[in-house]
Amino acid sequence: MDQATSASPAMTFSVLTSTAPVLAPRVGRLAIPGRKTLATPHHVPLTSRGTVPHVAHDVMRDHTEINSLYAGLEDSHASPGIYSVIAKKDAPVYKTPVANHESPLKKFICVADDMPLILGPRRFPPIPCPPANTSTSIALLTSVGFTQLSAAEYVKSIQKLKPDIAIGMVDLANKQPGSKRRAKMVDRTHAWTQEALEQLYGNGATEENKSKSAFFAPVLPLDNAQQSLYLDDLESEFRWDISGLALYQSASLGFVPESLADLPRLLFSEPETPHTILRDVSLGADLLTTPLLGASSDGGIAMQFAFPAPAALQEGKSEPQPLGIDLWLGDHATDTSPLGEGCECYTCKNYHRAYIHHLLVAKEMTAWALLQVHNFHVMDNFFAGVRESIQRGSFEQDVATFARVYASSMPESKGTGPRLRGYQLPANGPNQPRRMPKIWGQLDDAIQKYAESQSEVATPDTDASGLEEHGFAEKL
């Protein structure tokens with residue numbers, strides 16, 4: 001496609017501060033008309049079935065600074081099979097009544113119209129699927145089981161759901177691919193990208209049906225030489241129709257040609273610590289996924305780090321400071337201090353460690369909601385500090401100080417997280433026991449078991465020790 005016939009969306013990305021086109025930290029500004037402007041580097045909050053885990057929409061609006069979301073197409077379907085869903089348009093998300101300028105997906109998951117929404121084929125991190133990708137489709141795990149999504153159907157979903165940014169479909173392997181598999185990955189991804197751009201912006205779309213969604217072309221997690229022809233076409237044939245790059249490993253940041261350096265880079269990463277995030281930013285990542293945030297909240301960990309490291313922590317500290325605190329520990333049972341000293345988040349201004357500890361022990365879901373609000377605040381401030389450091393020109397020095405002040409790993413949780421649902425769990429392999437054993441049976445059997453256990457049933461006059469024995473909250 002040539003530049004003259006291109007009808008790319010109006011999304012713009014401006015690099016404000018950078019020392020080099022590639023492999024260097026940079027501050028940017030990503031703007032989509034009618035949407036919140038994103039300052040980069042920044043993290044992209046991940047959704048599960050259309051919502052940020054533990055954060056209700058009113059809480060997200062009133063008590064967080066969340067300004068973008070990522071959603072996986074496989075999360076938006078409850079019907080048995082993507083093929084019938086897209087052909088018949090019978091899934092609820094496709095039947096959502098909207099005006100011409102509105103996104104059915106945003107309406108369906110109740111996201112504000114000015115919230116930038118990124119759509120990809122799969123949720124992130126993805127749950128491994130059987131190795132069932134073909135030359136025309138990839139395997140998905142929906143709420144009702146495994147199915148296939150073809151490249152043509154994914155393009156139709158983009159056209160119908162109207163996300164602000166669409167991630168190109170990519171052929172990824174569950175394990176280290178061999179040479180033949182790598183060649184297939186490149187060929188398939190190249191063909192899918194070419195087909196998507198043609199249908200969305202090229203001669204395959206009528207003038208009134210040209211997509212307004214920005215398209216981020218995928219870059220495979222392979223060596224530069226293995227995908228050189230594909231990268232060459234991104235530079236020449238596809239350049240004027242792609243609005244950004246989607247990468248799946250940090251090393252791929254080094255493969256970005258200088259001619260594509262002005263495009264925003266979304267790194268689908270799974271950093272284990274903020275140190276890893278800083279490394280990815282130093283290599284030129286603009287937008288990053290941080291599953292670490294949600295995993296910390298699930299584990300009862302309140303994040304406790306800031307960038308640059310506060311001056312008070314840089315002096316007279318022989319031991320590295322922890323990156324978070326485990327609120328499952330009994331030490332917090334009577335601690336009325338906030339989760340973070342001087343923290344201005346909603347949780348820290350209204351609650352203390354003892355209360356969060358109590359909620360965790362009682363298995364009360366409010367605990368994870370309050371932790372998630374706090375951890376989002378910490379991560380937002382962390383990235384704000386990163387951007388300021390890059391603009392000051394002290395980023396490299398600040399990273400070295402941060403590595404010296406803080407521990408190299410997140411604390412291990414001593415408790416259990418919230419209950420995982422079926423779509424959040426890996427599928428069982430062959431000859432493995434059922435993940436969830438059958439819980440129904442003959443009513444007569446249940447009555448007999450109840451009668452036999454009458455002496456062991458908790459009654460209104462049971463004391464705290466008795467309730468604890470019957471599986472209620474622990475006695476403090």
# chains A, B, ... in the order shown; residues from 1 in each chain; ligands from 1
>>> select_by_dssp(residues="stretch 74-200 of chain A", states="strand (DSSP E)", output="list in words")
Leu117, Ile118, Leu119, Gly120, Ser137, Ile138, Ala139, Leu140, Leu141, Thr142, Gly145, Phe146, Thr147, Gln148, Leu149, Ser150, Ile165, Ala166 and Ile167 of chain A
>>> residues_around(residues="A:Phe305", least_positions_apart="4", cutoff="10 Å", atoms="only C-alpha atoms", output="list in words")
Pro274, Ala309, Pro310, Gln321, Pro322, Leu323, Gly324, Gly340, Val378, Met379, Asn381, Phe382, Phe402, Val405, Tyr406 and Ala407 of chain A
>>> write_last_selection(atoms="N, CA, C and O atoms", output="PDB file, in the first residue's frame")
ATOM      1  N   PRO A 274      10.066  -4.349  39.649  1.00  0.00           N
ATOM      2  CA  PRO A 274      10.213  -3.039  38.997  1.00  0.00           C
ATOM      3  C   PRO A 274      11.583  -2.857  38.358  1.00  0.00           C
ATOM      4  O   PRO A 274      11.736  -2.037  37.451  1.00  0.00           O
ATOM      5  N   ALA A 309      14.497   6.549  43.959  1.00  0.00           N
ATOM      6  CA  ALA A 309      14.441   6.150  45.362  1.00  0.00           C
ATOM      7  C   ALA A 309      14.507   7.381  46.249  1.00  0.00           C
ATOM      8  O   ALA A 309      15.339   8.276  46.029  1.00  0.00           O
ATOM      9  N   PRO A 310      13.619   7.501  47.244  1.00  0.00           N
ATOM     10  CA  PRO A 310      13.636   8.667  48.138  1.00  0.00           C
ATOM     11  C   PRO A 310      14.994   8.869  48.788  1.00  0.00           C
ATOM     12  O   PRO A 310      15.691   7.907  49.124  1.00  0.00           O
ATOM     13  N   GLN A 321      15.846  -2.215  50.923  1.00  0.00           N
ATOM     14  CA  GLN A 321      14.465  -2.009  51.336  1.00  0.00           C
ATOM     15  C   GLN A 321      13.545  -2.979  50.582  1.00  0.00           C
ATOM     16  O   GLN A 321      13.736  -3.226  49.390  1.00  0.00           O
ATOM     17  N   PRO A 322      12.532  -3.529  51.253  1.00  0.00           N
ATOM     18  CA  PRO A 322      11.617  -4.444  50.559  1.00  0.00           C
ATOM     19  C   PRO A 322      10.780  -3.701  49.526  1.00  0.00           C
ATOM     20  O   PRO A 322      10.456  -2.524  49.691  1.00  0.00           O
ATOM     21  N   LEU A 323      10.414  -4.400  48.456  1.00  0.00           N
ATOM     22  CA  LEU A 323       9.586  -3.818  47.405  1.00  0.00           C
ATOM     23  C   LEU A 323       8.105  -3.835  47.763  1.00  0.00           C
ATOM     24  O   LEU A 323       7.285  -3.253  47.056  1.00  0.00           O
ATOM     25  N   GLY A 324       7.774  -4.516  48.856  1.00  0.00           N
ATOM     26  CA  GLY A 324       6.391  -4.582  49.287  1.00  0.00           C
ATOM     27  C   GLY A 324       6.297  -5.225  50.652  1.00  0.00           C
ATOM     28  O   GLY A 324       7.283  -5.726  51.193  1.00  0.00           O
ATOM     29  N   GLY A 340       1.567   2.568  52.935  1.00  0.00           N
ATOM     30  CA  GLY A 340       2.803   3.222  52.544  1.00  0.00           C
ATOM     31  C   GLY A 340       2.949   4.563  53.239  1.00  0.00           C
ATOM     32  O   GLY A 340       1.986   5.353  53.290  1.00  0.00           O
ATOM     33  N   VAL A 378       0.750   3.222  43.417  1.00  0.00           N
ATOM     34  CA  VAL A 378       2.207   3.086  43.477  1.00  0.00           C
ATOM     35  C   VAL A 378       2.793   2.962  42.070  1.00  0.00           C
ATOM     36  O   VAL A 378       3.793   3.613  41.738  1.00  0.00           O
ATOM     37  N   MET A 379       2.158   2.153  41.213  1.00  0.00           N
ATOM     38  CA  MET A 379       2.682   1.956  39.856  1.00  0.00           C
ATOM     39  C   MET A 379       2.551   3.227  39.025  1.00  0.00           C
ATOM     40  O   MET A 379       3.458   3.569  38.242  1.00  0.00           O
ATOM     41  N   ASN A 381       2.624   6.338  40.144  1.00  0.00           N
ATOM     42  CA  ASN A 381       3.669   7.251  40.622  1.00  0.00           C
ATOM     43  C   ASN A 381       5.053   6.796  40.162  1.00  0.00           C
ATOM     44  O   ASN A 381       5.927   7.616  39.870  1.00  0.00           O
ATOM     45  N   PHE A 382       5.251   5.494  40.116  1.00  0.00           N
ATOM     46  CA  PHE A 382       6.528   4.938  39.657  1.00  0.00           C
ATOM     47  C   PHE A 382       6.814   5.390  38.216  1.00  0.00           C
ATOM     48  O   PHE A 382       7.904   5.881  37.907  1.00  0.00           O
ATOM     49  N   PHE A 402      18.317   3.010  42.436  1.00  0.00           N
ATOM     50  CA  PHE A 402      17.144   2.191  42.753  1.00  0.00           C
ATOM     51  C   PHE A 402      17.564   0.739  42.991  1.00  0.00           C
ATOM     52  O   PHE A 402      17.081   0.086  43.926  1.00  0.00           O
ATOM     53  N   VAL A 405      19.180   0.497  46.446  1.00  0.00           N
ATOM     54  CA  VAL A 405      18.333   0.757  47.608  1.00  0.00           C
ATOM     55  C   VAL A 405      17.324  -0.360  47.845  1.00  0.00           C
ATOM     56  O   VAL A 405      17.079  -0.752  48.993  1.00  0.00           O
ATOM     57  N   TYR A 406      16.744  -0.908  46.766  1.00  0.00           N
ATOM     58  CA  TYR A 406      15.645  -1.861  46.917  1.00  0.00           C
ATOM     59  C   TYR A 406      16.090  -3.301  46.682  1.00  0.00           C
ATOM     60  O   TYR A 406      17.045  -3.565  45.933  1.00  0.00           O
ATOM     61  N   ALA A 407      15.365  -4.211  47.309  1.00  0.00           N
ATOM     62  CA  ALA A 407      15.634  -5.647  47.159  1.00  0.00           C
ATOM     63  C   ALA A 407      15.455  -6.061  45.697  1.00  0.00           C
ATOM     64  O   ALA A 407      14.745  -5.407  44.924  1.00  0.00           O
TER      65      ALA A 407
END
>>> residues_around(residues="A:Ala384", least_positions_apart="6", cutoff="12 Å", atoms="only C-alpha atoms", output="PyMOL selection string")
chain A and resi 27+38-43+65+306-308+377-378+390-391
>>> residues_around(residues="A:Phe268", least_positions_apart="4", cutoff="10 Å", atoms="only C-alpha atoms", output="number ranges by chain")
A: 44, 124-125, 246-250, 285, 287-291
>>> closest_residue(among="A:Asp241, A:Glu344, A:Glu412, A:Glu74", to="A:Tyr201", atoms="only C-alpha atoms")
A:Asp241
>>> residues_around(residues="A:Pro418", least_positions_apart="6", cutoff="8 Å", atoms="only C-alpha atoms", output="ChimeraX atom specification")
/A:298,363,365,368
>>> residues_around(residues="A:His352", least_positions_apart="6", cutoff="10 Å", atoms="only C-alpha atoms", output="list in words")
His332, Thr334, Asp335, Thr336, Ser337, Pro338, Leu339 and Gly340 of chain A
>>> write_last_selection(atoms="C-alpha atoms", output="PDB file, in the first residue's frame")
ATOM      1  CA  HIS A 332       0.183  -6.331  60.993  1.00  0.00           C
ATOM      2  CA  THR A 334      -2.483  -4.348  65.381  1.00  0.00           C
ATOM      3  CA  ASP A 335      -0.553  -2.027  63.060  1.00  0.00           C
ATOM      4  CA  THR A 336      -2.588   1.128  62.442  1.00  0.00           C
ATOM      5  CA  SER A 337      -0.115   2.721  60.042  1.00  0.00           C
ATOM      6  CA  PRO A 338      -1.019   3.168  56.344  1.00  0.00           C
ATOM      7  CA  LEU A 339       0.210   0.723  53.711  1.00  0.00           C
ATOM      8  CA  GLY A 340       2.803   3.222  52.544  1.00  0.00           C
TER       9      GLY A 340
END
>>> residues_around(residues="A:Val399", least_positions_apart="2", cutoff="10 Å", atoms="only C-alpha atoms", output="list in words")
His275, Leu278, Arg279, Ser282, Phe307, Pro308, Ala309, Val386, Ser389, Ser394, Phe395, Glu396, Gln397, Thr401, Phe402, Ala403, Arg404 and Val405 of chain A
>>> select_by_dssp(residues="stretch 357-394 of chain A", states="helix (DSSP H, G or I)", output="NGL selection string")
:A and (357-361 or 366-392)
>>> closest_residue(among="A:Ala173, A:Gly178, A:Asn67, A:Tyr154", to="A:Glu195", atoms="only C-alpha atoms")
A:Tyr154
>>> decode(residues="stretch 32-44 of chain A", atoms="all heavy atoms", output="mmCIF file, in the first residue's frame")
data_model
loop_
_atom_site.group_PDB
_atom_site.id
_atom_site.type_symbol
_atom_site.label_atom_id
_atom_site.label_comp_id
_atom_site.auth_asym_id
_atom_site.auth_seq_id
_atom_site.Cartn_x
_atom_site.Cartn_y
_atom_site.Cartn_z
ATOM 1 N N ILE A 32 -5.102 10.217 20.871
ATOM 2 C CA ILE A 32 -6.174 9.758 19.997
ATOM 3 C C ILE A 32 -7.306 10.764 20.137
ATOM 4 O O ILE A 32 -7.707 11.093 21.255
ATOM 5 C CB ILE A 32 -6.658 8.350 20.387
ATOM 6 C CG1 ILE A 32 -5.496 7.353 20.327
ATOM 7 C CG2 ILE A 32 -7.798 7.892 19.492
ATOM 8 C CD1 ILE A 32 -5.850 5.977 20.859
ATOM 9 N N PRO A 33 -7.818 11.309 19.047
ATOM 10 C CA PRO A 33 -8.885 12.322 19.142
ATOM 11 C C PRO A 33 -10.057 11.830 19.992
ATOM 12 O O PRO A 33 -10.571 10.728 19.812
ATOM 13 C CB PRO A 33 -9.305 12.525 17.681
ATOM 14 C CG PRO A 33 -8.091 12.161 16.882
ATOM 15 C CD PRO A 33 -7.428 11.053 17.639
ATOM 16 N N GLY A 34 -10.466 12.667 20.949
ATOM 17 C CA GLY A 34 -11.591 12.333 21.803
ATOM 18 C C GLY A 34 -11.271 11.382 22.933
ATOM 19 O O GLY A 34 -12.168 10.953 23.665
ATOM 20 N N ARG A 35 -9.978 11.040 23.113
ATOM 21 C CA ARG A 35 -9.580 10.097 24.155
ATOM 22 C C ARG A 35 -8.565 10.756 25.082
ATOM 23 O O ARG A 35 -7.947 11.760 24.743
ATOM 24 C CB ARG A 35 -8.953 8.835 23.548
ATOM 25 C CG ARG A 35 -9.814 8.143 22.503
ATOM 26 C CD ARG A 35 -11.058 7.535 23.100
ATOM 27 N NE ARG A 35 -11.830 6.819 22.095
ATOM 28 C CZ ARG A 35 -12.865 7.311 21.444
ATOM 29 N NH1 ARG A 35 -13.251 8.567 21.688
ATOM 30 N NH2 ARG A 35 -13.521 6.589 20.562
ATOM 31 N N LYS A 36 -8.390 10.173 26.248
ATOM 32 C CA LYS A 36 -7.374 10.662 27.171
ATOM 33 C C LYS A 36 -5.995 10.510 26.538
ATOM 34 O O LYS A 36 -5.690 9.505 25.913
ATOM 35 C CB LYS A 36 -7.427 9.876 28.480
ATOM 36 C CG LYS A 36 -8.712 10.050 29.269
ATOM 37 C CD LYS A 36 -8.705 9.186 30.524
ATOM 38 C CE LYS A 36 -9.998 9.341 31.304
ATOM 39 N NZ LYS A 36 -10.027 8.462 32.504
ATOM 40 N N THR A 37 -5.173 11.513 26.728
ATOM 41 C CA THR A 37 -3.805 11.460 26.208
ATOM 42 C C THR A 37 -2.934 10.617 27.134
ATOM 43 O O THR A 37 -3.016 10.728 28.355
ATOM 44 C CB THR A 37 -3.237 12.881 26.086
ATOM 45 O OG1 THR A 37 -4.049 13.634 25.185
ATOM 46 C CG2 THR A 37 -1.810 12.842 25.576
ATOM 47 N N LEU A 38 -2.114 9.758 26.551
ATOM 48 C CA LEU A 38 -1.236 8.884 27.324
ATOM 49 C C LEU A 38 0.178 9.425 27.299
ATOM 50 O O LEU A 38 0.762 9.611 26.224
ATOM 51 C CB LEU A 38 -1.254 7.456 26.759
ATOM 52 C CG LEU A 38 -2.621 6.765 26.661
ATOM 53 C CD1 LEU A 38 -2.449 5.343 26.134
ATOM 54 C CD2 LEU A 38 -3.319 6.749 28.005
ATOM 55 N N ALA A 39 0.728 9.684 28.488
ATOM 56 C CA ALA A 39 2.137 10.047 28.603
ATOM 57 C C ALA A 39 2.927 8.758 28.725
ATOM 58 O O ALA A 39 2.577 7.867 29.509
ATOM 59 C CB ALA A 39 2.365 10.939 29.811
ATOM 60 N N THR A 40 3.974 8.617 27.952
ATOM 61 C CA THR A 40 4.785 7.399 27.973
ATOM 62 C C THR A 40 6.200 7.720 28.432
ATOM 63 O O THR A 40 6.665 8.843 28.249
ATOM 64 C CB THR A 40 4.817 6.750 26.573
ATOM 65 O OG1 THR A 40 5.492 7.639 25.659
ATOM 66 C CG2 THR A 40 3.417 6.467 26.071
ATOM 67 N N PRO A 41 6.888 6.748 29.050
ATOM 68 C CA PRO A 41 6.514 5.358 29.302
ATOM 69 C C PRO A 41 5.379 5.268 30.325
ATOM 70 O O PRO A 41 5.291 6.073 31.248
ATOM 71 C CB PRO A 41 7.794 4.728 29.859
ATOM 72 C CG PRO A 41 8.890 5.672 29.540
ATOM 73 C CD PRO A 41 8.269 7.022 29.491
ATOM 74 N N HIS A 42 4.541 4.252 30.154
ATOM 75 C CA HIS A 42 3.432 4.029 31.071
ATOM 76 C C HIS A 42 3.009 2.572 30.974
ATOM 77 O O HIS A 42 3.344 1.880 30.006
ATOM 78 C CB HIS A 42 2.268 4.944 30.739
ATOM 79 C CG HIS A 42 1.379 5.237 31.926
ATOM 80 N ND1 HIS A 42 1.716 4.910 33.219
ATOM 81 C CD2 HIS A 42 0.157 5.820 32.014
ATOM 82 C CE1 HIS A 42 0.762 5.292 34.038
ATOM 83 N NE2 HIS A 42 -0.210 5.848 33.324
ATOM 84 N N HIS A 43 2.271 2.135 31.993
ATOM 85 C CA HIS A 43 1.778 0.765 31.966
ATOM 86 C C HIS A 43 0.347 0.743 31.457
ATOM 87 O O HIS A 43 -0.388 1.729 31.584
ATOM 88 C CB HIS A 43 1.853 0.139 33.367
ATOM 89 C CG HIS A 43 0.914 0.738 34.369
ATOM 90 N ND1 HIS A 43 -0.190 0.086 34.853
ATOM 91 C CD2 HIS A 43 0.915 1.957 34.976
ATOM 92 C CE1 HIS A 43 -0.826 0.854 35.719
ATOM 93 N NE2 HIS A 43 -0.177 1.991 35.816
ATOM 94 N N VAL A 44 -0.044 -0.374 30.857
ATOM 95 C CA VAL A 44 -1.396 -0.562 30.348
ATOM 96 C C VAL A 44 -2.116 -1.547 31.267
ATOM 97 O O VAL A 44 -1.741 -2.722 31.333
ATOM 98 C CB VAL A 44 -1.373 -1.113 28.906
ATOM 99 C CG1 VAL A 44 -2.794 -1.378 28.416
ATOM 100 C CG2 VAL A 44 -0.667 -0.143 27.975
#
